[in-house]
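Visitor: One structure follows; several queries about it will come next.
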Amino acid sequence: MAAKGQSLRPSQYITTFGPSSILETPDGPVVIAAPSHSRLFDNSHPDAYEIRDLRLSQTLLNKKRIFRIPSNAELGCKENRLVYNAYYFPRWSLCPTHGILYRYQPQSQSQSQSLIDCPRCPKKRTWGEAWAKSREEAVRFVLACSHGHLDEVPWGSLMRHRGKCSGSNFYKWEGGGGAIGNIQITCPNCEAKENFGSAYSRRFPCRGRFLERGSEEGGACGRPAKIIQRGAANLRVSEIRSALTIPPLDTALHNLLQRRVIIDTIFSEDCIDSKDQLMQKLNNLVRRNRLDITTAETIKRYDEAEIRGAINDILGAIDNPRDLTEATLRQDEFISLRNAACYGAPPQRADKPGGPNQFEVYIENVRNFSLDSGRTLRVTPLSRLRVVMVQIGYTRPIDTDNEENQPRIVPVEYLPPNESIAWHPGVELFGEGIFIDFISDEEPKGIPEHFPLQGEAYQRWLAAYNSPELYRQIRAMPGTREEYLHPVFVWWHTLSHRLITALSVDSGYSSAAIRERVYTCTTNNKISGGLLLYTAQSGGDGTLGGLIGLVPHFDRILKSALRNVDACSNDPICIEEKFGEDKVNGAACYACQLISETSCEHRNTLLDRRLLLDNLP
């Protein structure tokens, strides 16, 4: 039978799905293949789909490169043709009519009596019909371990078989109802039974299988595996790294010069001293079909000073001797946002070829709001921005209660044959945003220290920040840095979720379409913070101004966000929840603080409504 397939947007592949995730399709559940087994690049190279971001590649990706998932049209295929490989999983199925747990087995001429589906169902179906039925009835439980392995549940090993019985190719599924503790799994040969609720809480030996790599053979794992539902949110969590495109690498010229073939030319042994030398090399690349003529002609339109300045910026980003980390990358973004709020971006505007910058702030549109507390809130609209999101891997945080069984990041990358530099899948998003921070009335251009916080919630988060080793649940989330436990960060993050919900009412965007980037910066033992709320989409057109159009009315948005901060439909249970060891939040639930996990860059953790309530802006 021909596979029907399932469509995915590139952003879905990066944020939610990806290699080793289980995707529900018209043909039943499948495991998405790794890029190296996807057949996506059988007739092409990721160079053709490169996303260029030097800051991200040089820091968080360890000089690896980024590719985007091409569409069917880009690959020259029909819209309904399957272009990305996947593997059917799980293969075990549950017949709801007869309560039989079975595994489809293709029938051959030498095995005319072999089982092909539920043994109690009529046998008048063809092989294809039996296969389609088994996919519709795929069992909803799988086996996984914290090191990223995925496997079938060992149904035959759940019970202790009697006599010489070695198991069966199908089992009875008896009971049911609202709890898995009511289910009994029975072997039809020896009548051995096992309560599925008891099996669900057990740990099993892991065979070390990475199903996304297409191999049926696994290696020694040494970690225990657990039964988990195939649709569980913690079965696979994407590990995403992202970066905002900031000056000076935000112009169209910088973007053109960041093409890998051009960077290799700039780094060639022959020093480029002039525009003419660069154009000569680019024209050679065009003649060898390594560069399109449009790119070369666009670069030619810039004057020599601009080209040399852009080349120096790119070389500086590559050869910068600073210890570039995620923290320094975020700090650079924070500084650029604050500078743009003070002076605009770019400070001097001129008509230049090649299109507008990818980081744009009109200084005349920045608004300051005096709050009842006497503080001044500054709201800066970004009319253009670009964010690159990269999936570096995934984790399976399914057994975090065990201190020795913490999740490990399984890399997601593609290494072309005979090459040494790997590629990560990513997506570039264009849109608009709002940057929010406090400013000092005494120094209008200065950024003050965050106002003093107080309360029991503040003391609890401060204790976590000072002694992060005590908070195992937080440390069980790879990518969570210690500075995220600081009360100022939690305060801004909590305010961010309130504002996203309030903005969705007036902006025309749903709360799932608005994303966040929370910043804190410590200088001379003084900490300040800020918040970028943005909406973006794939493609170069971005969005239509529905978010930045609300900046003149942001005082009303803030009041709306804080109006019911002291109330929740789950109170008093919610407000009495206190952050502590083995917790990821304080007072926060889906009724008051939690939003779509595609909007929150911290997966709805590090939130505390009590901290915000005790320290209103």
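A note on labels: chains of the structure tokens are A, B, ... as shown, every chain counts residues from 1, and ligands are counted from 1 in their shown order.
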Taking the backbone alone, and naming residues the way the document does, which bits of region 197-422 of chain A are strand (DSSP E) by DSSP, as a CSV table (one decimal) with C-alpha atoms, in the first residue's frame?

Guide:
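Below is the file selection_37.csv, written as the result:
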```csv
chain,number,residue,atom,x,y,z
A,203,ARG,CA,12.1,-0.5,35.0
A,204,PHE,CA,13.3,-2.7,32.2
A,205,PRO,CA,16.7,-3.3,30.6
A,224,PRO,CA,16.8,1.5,33.0
A,225,ALA,CA,13.9,2.0,30.6
A,226,LYS,CA,10.3,2.7,31.5
A,227,ILE,CA,7.0,2.2,29.8
A,228,ILE,CA,5.4,5.5,28.7
A,229,GLN,CA,2.5,6.6,26.6
A,237,VAL,CA,11.8,17.4,24.3
A,238,SER,CA,13.5,19.4,21.6
A,239,GLU,CA,16.7,21.1,22.7
A,240,ILE,CA,16.6,24.4,20.9
A,241,ARG,CA,19.2,27.2,20.7
A,242,SER,CA,18.2,30.5,19.2
A,243,ALA,CA,19.8,33.9,18.5
A,244,LEU,CA,18.5,37.3,17.5
A,367,ARG,CA,7.6,55.3,24.5
A,368,ASN,CA,8.2,55.9,28.2
A,369,PHE,CA,5.4,55.3,30.7
A,370,SER,CA,5.4,56.6,34.3
A,376,THR,CA,9.6,54.5,34.3
A,377,LEU,CA,8.9,51.7,31.9
A,378,ARG,CA,10.4,52.0,28.5
A,379,VAL,CA,8.7,50.2,25.5
A,380,THR,CA,10.7,50.0,22.3
A,381,PRO,CA,9.0,48.7,19.1
A,382,LEU,CA,11.2,46.7,16.7
A,383,SER,CA,9.7,47.1,13.3
A,384,ARG,CA,12.0,44.4,11.9
A,385,LEU,CA,13.8,41.5,13.5
A,386,ARG,CA,15.2,38.1,12.6
A,387,VAL,CA,15.5,35.1,14.9
A,388,VAL,CA,17.2,31.9,14.0
A,389,MET,CA,16.1,28.8,15.9
A,390,VAL,CA,18.2,25.6,15.8
A,391,GLN,CA,17.4,22.1,17.1
A,392,ILE,CA,20.7,20.7,18.4
A,393,GLY,CA,19.2,17.6,19.8
A,394,TYR,CA,16.5,16.1,22.1
A,395,THR,CA,16.1,14.7,25.5
A,410,VAL,CA,21.0,13.2,21.9
A,411,PRO,CA,22.4,15.2,19.0
```

Visitor: Between CA of Gln473 (chain A) and CA of Lys583 (chain A), measure the distance and give it in Å to one decimal.

Guide: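 Separation between CA of Gln473 (chain A) and CA of Lys583 (chain A): 5.9 Å.
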
Visitor: If you measure from CA of Pro154 (chain A) to CA of Tyr84 (chain A), what distance in Å do you get, rounded to one decimal?

Guide: 28.8 Å

Visitor: Nearest to Gly148 (chain A): which of A:Ile398, A:Ala536, A:Leu94, A:Leu371 is it, counting only C-alpha atoms?

Guide: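 That would be A:Ile398, the residue with the smallest distance to Gly148 (chain A).
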
Visitor: List the spatial neighbours of Leu101 (chain A) as number ranges by chain - criterion: any atom at most 12 Å away, only C-alpha atoms, same-chain residues fewer than 6 positions off excluded.

Guide: A: 91-95, 117-120, 134, 137-141, 153-156, 168-174, 184-188

Visitor: For each of A:Val518, A:Leu150, A:Leu562, A:Met279, take the minimum atom-to-atom distance to Phe210 (chain A), counting only C-alpha atoms, then give the residue where this is smallest.

Guide: A:Leu150

Visitor: Report as a PyMOL selection string all protein, DNA and RNA residues lying within 9 Å of Ile266 (chain A), evaluated on only C-alpha atoms, omitting residues in the same chain fewer than 5 positions from it.

Guide: chain A and resi 261+271-272+278+311+315

Visitor: Selection from above, C-alpha atoms, as a PDB file, in the first residue's frame, can you write it?

Guide:
```
ATOM      1  CA  VAL A 261      31.480  29.913  -0.347  1.00  0.00           C
ATOM      2  CA  CYS A 271      44.556  38.736   0.786  1.00  0.00           C
ATOM      3  CA  ILE A 272      41.627  40.788  -0.498  1.00  0.00           C
ATOM      4  CA  LEU A 278      36.677  40.568  -4.246  1.00  0.00           C
ATOM      5  CA  ILE A 311      34.256  41.968   5.714  1.00  0.00           C
ATOM      6  CA  LEU A 315      36.181  38.319  10.221  1.00  0.00           C
TER       7      LEU A 315
END
```

Visitor: In Å, with one decimal, what is the gap from CA of Arg517 (chain A) to CA of Ala341 (chain A)?

Guide: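 Atom-to-atom, CA of Arg517 (chain A) and CA of Ala341 (chain A) are spaced 16.1 Å apart.
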
Visitor: For region 522-535 of chain A, find every residue with an atom within 9 Å (counting only C-alpha atoms), except residues of its own chain fewer than 2 positions away, and show them as a tab-separated table (two decimals) with all heavy atoms, in the first residue's frame.

Guide:
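The result, written out as out.tsv:
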```
chain	number	residue	atom	x	y	z
A	334	PHE	N	21.15	41.87	24.59
A	334	PHE	CA	20.58	42.82	25.56
A	334	PHE	C	21.17	44.21	25.35
A	334	PHE	O	20.46	45.22	25.34
A	334	PHE	CB	20.84	42.30	26.97
A	334	PHE	CG	20.11	43.05	28.05
A	334	PHE	CD1	18.88	43.64	27.81
A	334	PHE	CD2	20.64	43.15	29.32
A	334	PHE	CE1	18.20	44.31	28.81
A	334	PHE	CE2	19.98	43.82	30.33
A	334	PHE	CZ	18.74	44.40	30.07
A	337	LEU	N	19.78	45.76	22.16
A	337	LEU	CA	18.40	46.21	22.34
A	337	LEU	C	18.34	47.51	23.13
A	337	LEU	O	17.58	48.43	22.80
A	337	LEU	CB	17.58	45.12	23.03
A	337	LEU	CG	17.26	43.89	22.17
A	337	LEU	CD1	16.76	42.74	23.04
A	337	LEU	CD2	16.20	44.24	21.12
A	338	ARG	N	19.16	47.61	24.17
A	338	ARG	CA	19.18	48.85	24.96
A	338	ARG	C	19.73	50.01	24.15
A	338	ARG	O	19.22	51.14	24.22
A	338	ARG	CB	19.99	48.64	26.24
A	338	ARG	CG	19.36	47.66	27.21
A	338	ARG	CD	20.03	47.65	28.56
A	338	ARG	NE	21.46	47.37	28.47
A	338	ARG	CZ	22.23	47.17	29.53
A	338	ARG	NH1	21.70	47.21	30.75
A	338	ARG	NH2	23.51	46.92	29.40
A	382	LEU	N	10.30	47.12	17.78
A	382	LEU	CA	11.21	46.67	16.73
A	382	LEU	C	10.39	46.38	15.49
A	382	LEU	O	9.62	45.40	15.47
A	382	LEU	CB	11.98	45.42	17.16
A	382	LEU	CG	13.18	45.60	18.09
A	382	LEU	CD1	12.73	45.87	19.52
A	382	LEU	CD2	14.07	44.37	18.04
A	385	LEU	N	12.82	42.31	12.82
A	385	LEU	CA	13.79	41.48	13.54
A	385	LEU	C	13.86	40.12	12.87
A	385	LEU	O	12.97	39.71	12.14
A	385	LEU	CB	13.43	41.35	15.02
A	385	LEU	CG	12.08	40.76	15.45
A	385	LEU	CD1	12.08	39.23	15.38
A	385	LEU	CD2	11.76	41.19	16.86
A	429	LEU	N	13.18	33.07	11.32
A	429	LEU	CA	11.88	33.71	11.46
A	429	LEU	C	12.05	35.22	11.36
A	429	LEU	O	12.98	35.79	11.95
A	429	LEU	CB	11.25	33.34	12.80
A	429	LEU	CG	11.11	31.84	13.09
A	429	LEU	CD1	10.62	31.62	14.51
A	429	LEU	CD2	10.15	31.19	12.11
A	430	PHE	N	11.15	35.87	10.65
A	430	PHE	CA	11.17	37.31	10.48
A	430	PHE	C	9.88	37.88	11.05
A	430	PHE	O	8.81	37.30	10.88
A	430	PHE	CB	11.28	37.68	9.00
A	430	PHE	CG	12.53	37.17	8.34
A	430	PHE	CD1	12.56	35.90	7.78
A	430	PHE	CD2	13.67	37.95	8.28
A	430	PHE	CE1	13.70	35.42	7.16
A	430	PHE	CE2	14.82	37.47	7.67
A	430	PHE	CZ	14.84	36.21	7.11
A	431	GLY	N	9.98	39.03	11.71
A	431	GLY	CA	8.77	39.61	12.26
A	431	GLY	C	9.01	40.93	12.95
A	431	GLY	O	9.89	41.71	12.58
A	432	GLU	N	8.24	41.17	13.99
A	432	GLU	CA	8.27	42.41	14.75
A	432	GLU	C	8.29	42.08	16.24
A	432	GLU	O	7.98	40.95	16.63
A	432	GLU	CB	7.02	43.23	14.43
A	432	GLU	CG	5.74	42.42	14.67
A	432	GLU	CD	4.48	43.23	14.54
A	432	GLU	OE1	4.50	44.40	14.96
A	432	GLU	OE2	3.48	42.69	14.03
A	433	GLY	N	8.64	43.05	17.05
A	433	GLY	CA	8.70	42.79	18.49
A	433	GLY	C	8.62	44.04	19.32
A	433	GLY	O	8.63	45.17	18.82
A	434	ILE	N	8.51	43.83	20.62
A	434	ILE	CA	8.47	44.91	21.62
A	434	ILE	C	9.51	44.59	22.69
A	434	ILE	O	9.47	43.51	23.30
A	434	ILE	CB	7.08	45.03	22.25
A	434	ILE	CG1	6.03	45.40	21.21
A	434	ILE	CG2	7.09	46.09	23.36
A	434	ILE	CD1	4.61	45.43	21.76
A	435	PHE	N	10.43	45.52	22.91
A	435	PHE	CA	11.43	45.37	23.97
A	435	PHE	C	11.01	46.24	25.15
A	435	PHE	O	10.68	47.42	25.00
A	435	PHE	CB	12.81	45.79	23.48
A	435	PHE	CG	13.87	45.76	24.55
A	435	PHE	CD1	14.23	44.58	25.16
A	435	PHE	CD2	14.49	46.94	24.95
A	435	PHE	CE1	15.20	44.55	26.15
A	435	PHE	CE2	15.46	46.92	25.93
A	435	PHE	CZ	15.82	45.72	26.54
A	436	ILE	N	11.03	45.65	26.35
A	436	ILE	CA	10.53	46.33	27.56
A	436	ILE	C	11.63	46.32	28.60
A	436	ILE	O	12.22	45.27	28.89
A	436	ILE	CB	9.28	45.60	28.11
A	436	ILE	CG1	8.22	45.47	27.01
A	436	ILE	CG2	8.72	46.32	29.32
A	436	ILE	CD1	7.26	44.34	27.25
A	437	ASP	N	11.91	47.48	29.19
A	437	ASP	CA	12.86	47.56	30.30
A	437	ASP	C	12.54	48.80	31.12
A	437	ASP	O	11.67	49.61	30.78
A	437	ASP	CB	14.30	47.56	29.79
A	437	ASP	CG	14.64	48.82	28.99
A	437	ASP	OD1	13.70	49.51	28.53
A	437	ASP	OD2	15.84	49.10	28.80
A	438	PHE	N	13.23	48.93	32.23
A	438	PHE	CA	13.11	50.12	33.08
A	438	PHE	C	14.26	51.07	32.77
A	438	PHE	O	15.36	50.64	32.42
A	438	PHE	CB	13.14	49.75	34.57
A	438	PHE	CG	11.91	49.03	35.04
A	438	PHE	CD1	11.96	47.68	35.37
A	438	PHE	CD2	10.70	49.69	35.16
A	438	PHE	CE1	10.85	47.01	35.80
A	438	PHE	CE2	9.57	49.03	35.61
A	438	PHE	CZ	9.63	47.69	35.92
A	447	ILE	N	20.68	52.61	32.29
A	447	ILE	CA	19.84	51.48	32.67
A	447	ILE	C	20.04	51.23	34.16
A	447	ILE	O	21.14	50.90	34.60
A	447	ILE	CB	20.21	50.21	31.87
A	447	ILE	CG1	20.18	50.51	30.38
A	447	ILE	CG2	19.28	49.07	32.21
A	447	ILE	CD1	18.84	50.95	29.85
A	448	PRO	N	19.00	51.42	34.96
A	448	PRO	CA	19.18	51.28	36.41
A	448	PRO	C	19.20	49.82	36.84
A	448	PRO	O	18.80	48.92	36.12
A	448	PRO	CB	17.93	51.97	36.95
A	448	PRO	CG	16.88	51.70	35.92
A	448	PRO	CD	17.61	51.73	34.59
A	449	GLU	N	19.68	49.61	38.03
A	449	GLU	CA	19.59	48.29	38.65
A	449	GLU	C	18.11	47.98	38.89
A	449	GLU	O	17.30	48.86	39.15
A	449	GLU	CB	20.35	48.30	39.97
A	449	GLU	CG	20.32	46.97	40.70
A	449	GLU	CD	21.05	47.02	42.03
A	449	GLU	OE1	21.43	48.14	42.45
A	449	GLU	OE2	21.24	45.95	42.64
A	450	HIS	N	17.77	46.69	38.76
A	450	HIS	CA	16.37	46.30	38.99
A	450	HIS	C	15.97	46.67	40.41
A	450	HIS	O	16.76	46.53	41.36
A	450	HIS	CB	16.21	44.79	38.79
A	450	HIS	CG	14.78	44.35	38.70
A	450	HIS	ND1	14.00	44.14	39.81
A	450	HIS	CD2	13.98	44.11	37.63
A	450	HIS	CE1	12.78	43.75	39.43
A	450	HIS	NE2	12.76	43.73	38.11
A	451	PHE	N	14.75	47.16	40.58
A	451	PHE	CA	14.32	47.60	41.90
A	451	PHE	C	14.35	46.44	42.90
A	451	PHE	O	14.19	45.28	42.51
A	451	PHE	CB	12.93	48.23	41.83
A	451	PHE	CG	11.83	47.29	41.42
A	451	PHE	CD1	11.16	46.52	42.36
A	451	PHE	CD2	11.44	47.18	40.09
A	451	PHE	CE1	10.14	45.66	42.00
A	451	PHE	CE2	10.42	46.34	39.71
A	451	PHE	CZ	9.76	45.57	40.65
A	488	VAL	N	15.30	38.02	39.87
A	488	VAL	CA	15.02	39.04	38.85
A	488	VAL	C	14.64	38.38	37.53
A	488	VAL	O	13.71	38.83	36.84
A	488	VAL	CB	16.23	39.97	38.67
A	488	VAL	CG1	16.04	40.89	37.47
A	488	VAL	CG2	16.44	40.80	39.93
A	489	PHE	N	15.33	37.31	37.17
A	489	PHE	CA	14.97	36.59	35.94
A	489	PHE	C	13.57	36.01	36.07
A	489	PHE	O	12.75	36.12	35.13
A	489	PHE	CB	15.97	35.48	35.66
A	489	PHE	CG	15.68	34.71	34.41
A	489	PHE	CD1	16.26	35.08	33.21
A	489	PHE	CD2	14.82	33.61	34.43
A	489	PHE	CE1	15.98	34.39	32.05
A	489	PHE	CE2	14.54	32.92	33.27
A	489	PHE	CZ	15.12	33.30	32.08
A	492	TRP	N	10.91	38.79	35.66
A	492	TRP	CA	10.68	39.19	34.27
A	492	TRP	C	9.98	38.08	33.49
A	492	TRP	O	9.10	38.35	32.65
A	492	TRP	CB	12.00	39.55	33.60
A	492	TRP	CG	12.47	40.94	33.88
A	492	TRP	CD1	13.48	41.30	34.72
A	492	TRP	CD2	11.95	42.15	33.34
A	492	TRP	NE1	13.62	42.67	34.73
A	492	TRP	CE2	12.70	43.22	33.89
A	492	TRP	CE3	10.93	42.44	32.44
A	492	TRP	CZ2	12.46	44.55	33.57
A	492	TRP	CZ3	10.67	43.77	32.11
A	492	TRP	CH2	11.43	44.81	32.67
A	493	HIS	N	10.34	36.84	33.73
A	493	HIS	CA	9.72	35.72	33.02
A	493	HIS	C	8.24	35.60	33.37
A	493	HIS	O	7.40	35.35	32.50
A	493	HIS	CB	10.46	34.42	33.37
A	493	HIS	CG	10.05	33.27	32.49
A	493	HIS	ND1	10.13	31.96	32.90
A	493	HIS	CD2	9.57	33.24	31.22
A	493	HIS	CE1	9.72	31.18	31.92
A	493	HIS	NE2	9.37	31.92	30.90
A	495	LEU	N	6.30	38.08	34.45
A	495	LEU	CA	5.64	39.22	33.81
A	495	LEU	C	5.45	38.97	32.32
A	495	LEU	O	4.43	39.35	31.74
A	495	LEU	CB	6.46	40.48	34.05
A	495	LEU	CG	5.92	41.76	33.39
A	495	LEU	CD1	4.56	42.14	33.97
A	495	LEU	CD2	6.91	42.91	33.55
A	496	SER	N	6.42	38.33	31.69
A	496	SER	CA	6.33	38.04	30.26
A	496	SER	C	5.08	37.23	29.94
A	496	SER	O	4.35	37.55	28.99
A	496	SER	CB	7.58	37.27	29.82
A	496	SER	OG	7.42	36.73	28.53
A	499	LEU	N	1.99	39.35	30.13
A	499	LEU	CA	1.88	40.29	29.01
A	499	LEU	C	1.51	39.58	27.72
A	499	LEU	O	0.74	40.12	26.91
A	499	LEU	CB	3.21	41.03	28.84
A	499	LEU	CG	3.57	42.07	29.90
A	499	LEU	CD1	4.97	42.60	29.69
A	499	LEU	CD2	2.56	43.22	29.88
A	500	ILE	N	2.03	38.39	27.49
A	500	ILE	CA	1.67	37.65	26.29
A	500	ILE	C	0.18	37.37	26.24
A	500	ILE	O	-0.47	37.54	25.21
A	500	ILE	CB	2.48	36.33	26.22
A	500	ILE	CG1	3.93	36.62	25.86
A	500	ILE	CG2	1.87	35.37	25.20
A	500	ILE	CD1	4.83	35.41	25.89
A	509	TYR	N	-3.01	38.53	17.35
A	509	TYR	CA	-2.26	37.28	17.38
A	509	TYR	C	-2.73	36.44	18.55
A	509	TYR	O	-3.07	36.96	19.61
A	509	TYR	CB	-0.76	37.53	17.52
A	509	TYR	CG	-0.14	38.35	16.42
A	509	TYR	CD1	0.33	39.64	16.66
A	509	TYR	CD2	-0.03	37.84	15.13
A	509	TYR	CE1	0.90	40.39	15.65
A	509	TYR	CE2	0.54	38.60	14.11
A	509	TYR	CZ	1.00	39.87	14.38
A	509	TYR	OH	1.55	40.61	13.38
A	513	ALA	N	1.23	32.53	19.19
A	513	ALA	CA	2.01	33.14	18.11
A	513	ALA	C	3.02	34.15	18.63
A	513	ALA	O	3.88	34.61	17.87
A	513	ALA	CB	1.08	33.83	17.11
A	514	ILE	N	2.93	34.54	19.90
A	514	ILE	CA	3.83	35.52	20.49
A	514	ILE	C	4.89	34.78	21.30
A	514	ILE	O	4.56	33.99	22.18
A	514	ILE	CB	3.07	36.53	21.37
A	514	ILE	CG1	1.97	37.22	20.57
A	514	ILE	CG2	4.03	37.56	21.95
A	514	ILE	CD1	1.10	38.14	21.39
A	515	ARG	N	6.15	35.06	21.00
A	515	ARG	CA	7.26	34.39	21.70
A	515	ARG	C	7.99	35.37	22.60
A	515	ARG	O	7.75	36.58	22.53
A	515	ARG	CB	8.24	33.79	20.68
A	515	ARG	CG	7.65	32.69	19.81
A	515	ARG	CD	8.70	32.13	18.88
A	515	ARG	NE	8.24	30.97	18.15
A	515	ARG	CZ	7.69	30.99	16.95
A	515	ARG	NH1	7.52	32.16	16.34
A	515	ARG	NH2	7.31	29.89	16.35
A	516	GLU	N	8.88	34.84	23.43
A	516	GLU	CA	9.57	35.66	24.41
A	516	GLU	C	11.07	35.41	24.37
A	516	GLU	O	11.54	34.34	23.95
A	516	GLU	CB	9.06	35.34	25.82
A	516	GLU	CG	9.45	33.92	26.26
A	516	GLU	CD	9.03	33.57	27.67
A	516	GLU	OE1	8.31	34.37	28.29
A	516	GLU	OE2	9.43	32.49	28.15
A	517	ARG	N	11.82	36.41	24.80
A	517	ARG	CA	13.25	36.28	25.12
A	517	ARG	C	13.47	37.14	26.36
A	517	ARG	O	13.26	38.36	26.32
A	517	ARG	CB	14.14	36.73	23.97
A	517	ARG	CG	14.11	35.78	22.80
A	517	ARG	CD	15.03	36.22	21.66
A	517	ARG	NE	16.42	35.96	21.92
A	517	ARG	CZ	17.01	34.79	21.76
A	517	ARG	NH1	16.31	33.74	21.39
A	517	ARG	NH2	18.31	34.64	21.97
A	518	VAL	N	13.87	36.50	27.45
A	518	VAL	CA	14.05	37.18	28.73
A	518	VAL	C	15.54	37.41	28.95
A	518	VAL	O	16.35	36.50	28.76
A	518	VAL	CB	13.45	36.35	29.88
A	518	VAL	CG1	13.58	37.10	31.20
A	518	VAL	CG2	11.99	36.02	29.59
A	519	TYR	N	15.89	38.65	29.36
A	519	TYR	CA	17.30	39.02	29.54
A	519	TYR	C	17.56	39.50	30.96
A	519	TYR	O	16.73	40.21	31.55
A	519	TYR	CB	17.70	40.14	28.58
A	519	TYR	CG	17.53	39.81	27.12
A	519	TYR	CD1	16.38	40.17	26.43
A	519	TYR	CD2	18.53	39.14	26.43
A	519	TYR	CE1	16.22	39.87	25.09
A	519	TYR	CE2	18.39	38.84	25.08
A	519	TYR	CZ	17.23	39.20	24.41
A	519	TYR	OH	17.08	38.91	23.09
A	520	THR	N	18.69	39.10	31.50
A	520	THR	CA	19.23	39.72	32.71
A	520	THR	C	20.72	39.93	32.50
A	520	THR	O	21.37	39.18	31.76
A	520	THR	CB	19.00	38.83	33.96
A	520	THR	OG1	19.56	37.53	33.72
A	520	THR	CG2	17.53	38.71	34.28
A	537	GLN	N	7.45	34.74	11.66
A	537	GLN	CA	7.07	33.62	10.83
A	537	GLN	C	8.15	33.38	9.79
A	537	GLN	O	9.01	34.23	9.56
A	537	GLN	CB	5.73	33.87	10.14
A	537	GLN	CG	5.77	35.04	9.15
A	537	GLN	CD	4.41	35.32	8.54
A	537	GLN	OE1	3.39	34.97	9.11
A	537	GLN	NE2	4.40	35.96	7.40
A	542	GLY	N	7.73	38.68	7.04
A	542	GLY	CA	7.47	38.89	8.45
A	542	GLY	C	6.01	39.09	8.75
A	542	GLY	O	5.16	38.41	8.19
A	543	THR	N	5.69	40.05	9.62
A	543	THR	CA	4.32	40.27	10.06
A	543	THR	C	3.86	41.67	9.67
A	543	THR	O	4.58	42.41	9.01
A	543	THR	CB	4.22	40.05	11.57
A	543	THR	OG1	5.24	40.82	12.21
A	543	THR	CG2	4.46	38.59	11.91
A	547	LEU	N	1.57	44.03	16.46
A	547	LEU	CA	2.15	44.04	17.80
A	547	LEU	C	2.71	45.43	18.13
A	547	LEU	O	2.39	46.00	19.17
A	547	LEU	CB	3.24	42.98	17.90
A	547	LEU	CG	3.72	42.59	19.29
A	547	LEU	CD1	2.58	42.04	20.12
A	547	LEU	CD2	4.84	41.56	19.20
```

Visitor: Would you kindly return, as a PyMOL selection string, each protein, DNA or RNA residue with an atom no farther than 12 Å from any atom of Ala179 (chain A), considering only C-alpha atoms and excluding same-chain residues fewer than 5 positions away?

Guide: chain A and resi 184+195-198+200

Visitor: Generate a file of the selected residues that holds N, CA, C and O atoms, formatted as a PDB file, in the first residue's frame.

Guide:
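Result file follows (result.pdb):
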```pdb
ATOM      1  N   GLN A 184      -5.241  -6.347  32.829  1.00  0.00           N
ATOM      2  CA  GLN A 184      -4.481  -7.584  32.999  1.00  0.00           C
ATOM      3  C   GLN A 184      -3.979  -8.046  31.630  1.00  0.00           C
ATOM      4  O   GLN A 184      -4.746  -8.095  30.669  1.00  0.00           O
ATOM      5  N   ASN A 195      -0.407  -7.643  36.000  1.00  0.00           N
ATOM      6  CA  ASN A 195      -1.146  -6.390  36.079  1.00  0.00           C
ATOM      7  C   ASN A 195      -0.347  -5.303  35.359  1.00  0.00           C
ATOM      8  O   ASN A 195       0.819  -5.065  35.672  1.00  0.00           O
ATOM      9  N   PHE A 196      -0.980  -4.644  34.393  1.00  0.00           N
ATOM     10  CA  PHE A 196      -0.246  -3.665  33.602  1.00  0.00           C
ATOM     11  C   PHE A 196       0.120  -2.441  34.437  1.00  0.00           C
ATOM     12  O   PHE A 196       1.139  -1.784  34.172  1.00  0.00           O
ATOM     13  N   GLY A 197      -0.666  -2.127  35.433  1.00  0.00           N
ATOM     14  CA  GLY A 197      -0.323  -1.019  36.316  1.00  0.00           C
ATOM     15  C   GLY A 197       0.989  -1.267  37.040  1.00  0.00           C
ATOM     16  O   GLY A 197       1.815  -0.368  37.188  1.00  0.00           O
ATOM     17  N   SER A 198       1.208  -2.515  37.472  1.00  0.00           N
ATOM     18  CA  SER A 198       2.472  -2.856  38.134  1.00  0.00           C
ATOM     19  C   SER A 198       3.634  -2.806  37.148  1.00  0.00           C
ATOM     20  O   SER A 198       4.720  -2.307  37.466  1.00  0.00           O
ATOM     21  N   TYR A 200       3.797  -0.980  34.525  1.00  0.00           N
ATOM     22  CA  TYR A 200       4.014   0.414  34.116  1.00  0.00           C
ATOM     23  C   TYR A 200       4.989   1.121  35.058  1.00  0.00           C
ATOM     24  O   TYR A 200       5.731   2.018  34.639  1.00  0.00           O
TER      25      TYR A 200
END
```

Visitor: Counting only C-alpha atoms, which of A:Gly128, A:Pro356, A:Pro247, A:Gly178 gets nearest to Ile314 (chain A)?

Guide: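 Using only C-alpha atoms, the shortest distance to Ile314 (chain A) belongs to A:Pro247.
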
Visitor: List the spatial neighbours of Ala567 (chain A) as a ChimeraX atom specification - criterion: any atom at most 12 Å away, only C-alpha atoms, same-chain residues fewer than 3 positions off excluded.

Guide: /A:561-564,570-576,587-589,591-593,609-610,613

Visitor: So which one's closest to Asp372 (chain A), A:Ala345, A:Glu50, A:Arg396, A:Asp555? Using only C-alpha atoms, please.

Guide: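 Looking only at the distances to Asp372 (chain A), the closest residue turns out to be A:Asp555.
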
Visitor: Within region 82-207 of chain A, find each residue whose DSSP state, derived from the backbone, is helix (DSSP H, G or I), and express the selection as a PyMOL selection string.

Guide: chain A and resi 109-111+127-136+155-157+180-182+196-200
